[in-house]
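Colleague: Structure provided below as structure tokens; questions to follow.
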Amino acid sequence: MCLAVPAIVKEIKGDRAIVELEGVTIEISIIFTPEVKVGDYVIVHAGYSISTMEEKEAEETIELLRELT
């Protein structure tokens, strides 16, 4: 089973972005969400941002994920 998680965009480089979740940074593709800006939250799945997310909803989701660990 795969899980999509929210992450905050820290840097954008063309159609790639550096995102961070809980101190972990990764580079992802933003070809499906070209409208994203630094500071936006995106849903990341398999190395791609598949949608954007409101900050409040992202923070609530991150908190729920913390409770699972």
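By convention in this document, the chains of the structure tokens carry letters A, B, ... by their order, each chain's residues are numbered from 1, and ligands are numbered from 1 in the order they are shown.
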Give me, as a list of chain:residue names, the residues of chain A that a backbone DSSP run labels helix (DSSP H, G or I).
Modeller: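 Put together, the selection reads A:Glu55, A:Lys56, A:Glu57, A:Ala58, A:Glu59, A:Glu60, A:Thr61, A:Ile62, A:Glu63, A:Leu64, A:Leu65, A:Arg66, A:Glu67, A:Leu68.
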Colleague: Which residues come within 6 Å of Ala7 (chain A), counting only C-alpha atoms, excluding same-chain residues fewer than 5 positions away, as a PDB file with C-alpha atoms, in the first residue's frame?
Modeller:
ATOM      1  CA  VAL A  19       9.796  19.711  -0.048  1.00  0.00           C
ATOM      2  CA  GLU A  20      10.057  19.036   3.670  1.00  0.00           C
ATOM      3  CA  LEU A  21       8.097  16.862   6.052  1.00  0.00           C
ATOM      4  CA  TYR A  41       1.609  22.481   1.038  1.00  0.00           C
ATOM      5  CA  VAL A  42       1.362  19.673  -1.495  1.00  0.00           C
TER       6      VAL A  42
END
Colleague: Quick one: residues within 12 Å of Thr25 (chain A), only C-alpha atoms, excluding same-chain residues fewer than 5 positions away - as an mmCIF file with N, CA and C atoms, in the first residue's frame?
Modeller:
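Saved file around.cif follows:
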data_model
loop_
_atom_site.group_PDB
_atom_site.id
_atom_site.type_symbol
_atom_site.label_atom_id
_atom_site.label_comp_id
_atom_site.auth_asym_id
_atom_site.auth_seq_id
_atom_site.Cartn_x
_atom_site.Cartn_y
_atom_site.Cartn_z
ATOM 1 N N ALA A 7 3.459 17.821 2.408
ATOM 2 C CA ALA A 7 4.798 18.368 2.639
ATOM 3 C C ALA A 7 4.787 19.827 2.214
ATOM 4 N N ILE A 8 5.661 20.611 2.809
ATOM 5 C CA ILE A 8 5.736 22.034 2.477
ATOM 6 C C ILE A 8 6.833 22.258 1.438
ATOM 7 N N VAL A 9 6.530 23.098 0.457
ATOM 8 C CA VAL A 9 7.482 23.415 -0.608
ATOM 9 C C VAL A 9 8.490 24.427 -0.075
ATOM 10 N N LYS A 10 9.757 24.066 -0.149
ATOM 11 C CA LYS A 10 10.839 24.921 0.337
ATOM 12 C C LYS A 10 11.559 25.647 -0.794
ATOM 13 N N GLU A 11 11.611 25.019 -1.973
ATOM 14 C CA GLU A 11 12.351 25.593 -3.095
ATOM 15 C C GLU A 11 11.785 25.029 -4.387
ATOM 16 N N ALA A 17 10.757 20.415 -7.209
ATOM 17 C CA ALA A 17 10.698 21.188 -5.972
ATOM 18 C C ALA A 17 11.363 20.416 -4.847
ATOM 19 N N ILE A 18 11.905 21.159 -3.919
ATOM 20 C CA ILE A 18 12.409 20.582 -2.678
ATOM 21 C C ILE A 18 11.288 20.766 -1.663
ATOM 22 N N VAL A 19 10.857 19.653 -1.053
ATOM 23 C CA VAL A 19 9.796 19.711 -0.048
ATOM 24 C C VAL A 19 10.311 19.130 1.258
ATOM 25 N N GLU A 20 9.631 19.495 2.354
ATOM 26 C CA GLU A 20 10.057 19.036 3.670
ATOM 27 C C GLU A 20 8.863 18.532 4.465
ATOM 28 N N VAL A 44 2.227 14.593 -1.584
ATOM 29 C CA VAL A 44 3.301 13.912 -2.306
ATOM 30 C C VAL A 44 3.026 12.420 -2.341
ATOM 31 N N GLY A 47 6.970 10.431 -5.365
ATOM 32 C CA GLY A 47 7.890 11.402 -5.940
ATOM 33 C C GLY A 47 7.244 12.511 -6.747
#
Colleague: Ranking A:Glu55, A:Glu67, A:Glu27, A:Glu22 by minimum distance to Gly39 (chain A) and counting only C-alpha atoms, which one comes first?
Modeller: A:Glu55
Colleague: Would you mind reading off the distance between CA of Leu3 (chain A) and CA of Glu35 (chain A), one decimal, in Å?
Modeller: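 That distance, rounded to one decimal, is 22.7 Å.
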Colleague: Name the closest residue to Ile43 (chain A) among the candidates A:Ile26, A:Leu68, A:Ile12, A:Ala58; distances are taken between atoms, counting only C-alpha atoms.
Modeller: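 Comparing A:Ile26, A:Leu68, A:Ile12, A:Ala58 against Ile43 (chain A), the winner is A:Ala58.
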Colleague: Enter the distance from CA of Phe32 (chain A) to CA of Ser49 (chain A), in Å, rounded to one decimal.
Modeller: 6.5 Å
Colleague: Write out as a PyMOL selection string all residues of chain A that DSSP puts in strand (DSSP E) for this structure's backbone.
Modeller: chain A and resi 5-13+16-21+24-29+41-45+48-53
Colleague: Keeping C-alpha atoms, export the residues of the selection given above as a PDB file, in the first residue's frame.
Modeller:
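File written: result-v3.pdb
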ATOM      1  CA  VAL A   5       1.609  12.686   2.560  1.00  0.00           C
ATOM      2  CA  PRO A   6       1.515  16.473   2.874  1.00  0.00           C
ATOM      3  CA  ALA A   7       4.798  18.368   2.639  1.00  0.00           C
ATOM      4  CA  ILE A   8       5.736  22.034   2.477  1.00  0.00           C
ATOM      5  CA  VAL A   9       7.482  23.415  -0.608  1.00  0.00           C
ATOM      6  CA  LYS A  10      10.839  24.921   0.337  1.00  0.00           C
ATOM      7  CA  GLU A  11      12.351  25.593  -3.095  1.00  0.00           C
ATOM      8  CA  ILE A  12      11.305  25.370  -6.741  1.00  0.00           C
ATOM      9  CA  LYS A  13      13.656  24.527  -9.611  1.00  0.00           C
ATOM     10  CA  ARG A  16      11.054  20.101  -9.588  1.00  0.00           C
ATOM     11  CA  ALA A  17      10.698  21.188  -5.972  1.00  0.00           C
ATOM     12  CA  ILE A  18      12.409  20.582  -2.678  1.00  0.00           C
ATOM     13  CA  VAL A  19       9.796  19.711  -0.048  1.00  0.00           C
ATOM     14  CA  GLU A  20      10.057  19.036   3.670  1.00  0.00           C
ATOM     15  CA  LEU A  21       8.097  16.862   6.052  1.00  0.00           C
ATOM     16  CA  VAL A  24      13.182  15.287   5.955  1.00  0.00           C
ATOM     17  CA  THR A  25      13.738  17.018   2.616  1.00  0.00           C
ATOM     18  CA  ILE A  26      13.321  15.403  -0.779  1.00  0.00           C
ATOM     19  CA  GLU A  27      13.184  16.532  -4.379  1.00  0.00           C
ATOM     20  CA  ILE A  28       9.916  15.837  -6.176  1.00  0.00           C
ATOM     21  CA  SER A  29       8.306  16.540  -9.526  1.00  0.00           C
ATOM     22  CA  TYR A  41       1.609  22.481   1.038  1.00  0.00           C
ATOM     23  CA  VAL A  42       1.362  19.673  -1.495  1.00  0.00           C
ATOM     24  CA  ILE A  43       0.298  16.052  -1.334  1.00  0.00           C
ATOM     25  CA  VAL A  44       3.301  13.912  -2.306  1.00  0.00           C
ATOM     26  CA  HIS A  45       2.906  10.432  -3.737  1.00  0.00           C
ATOM     27  CA  TYR A  48       5.190  13.606  -7.454  1.00  0.00           C
ATOM     28  CA  SER A  49       3.088  16.375  -6.007  1.00  0.00           C
ATOM     29  CA  ILE A  50      -0.457  15.343  -6.924  1.00  0.00           C
ATOM     30  CA  SER A  51      -2.414  18.266  -5.446  1.00  0.00           C
ATOM     31  CA  THR A  52      -2.163  21.296  -3.214  1.00  0.00           C
ATOM     32  CA  MET A  53      -3.555  21.495   0.290  1.00  0.00           C
TER      33      MET A  53
END
Colleague: One number please: CA of Asp40 (chain A) to CA of Arg66 (chain A), in Å, one decimal.
Modeller: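 According to the coordinates, CA of Asp40 (chain A) and CA of Arg66 (chain A) are separated by 20.3 Å.
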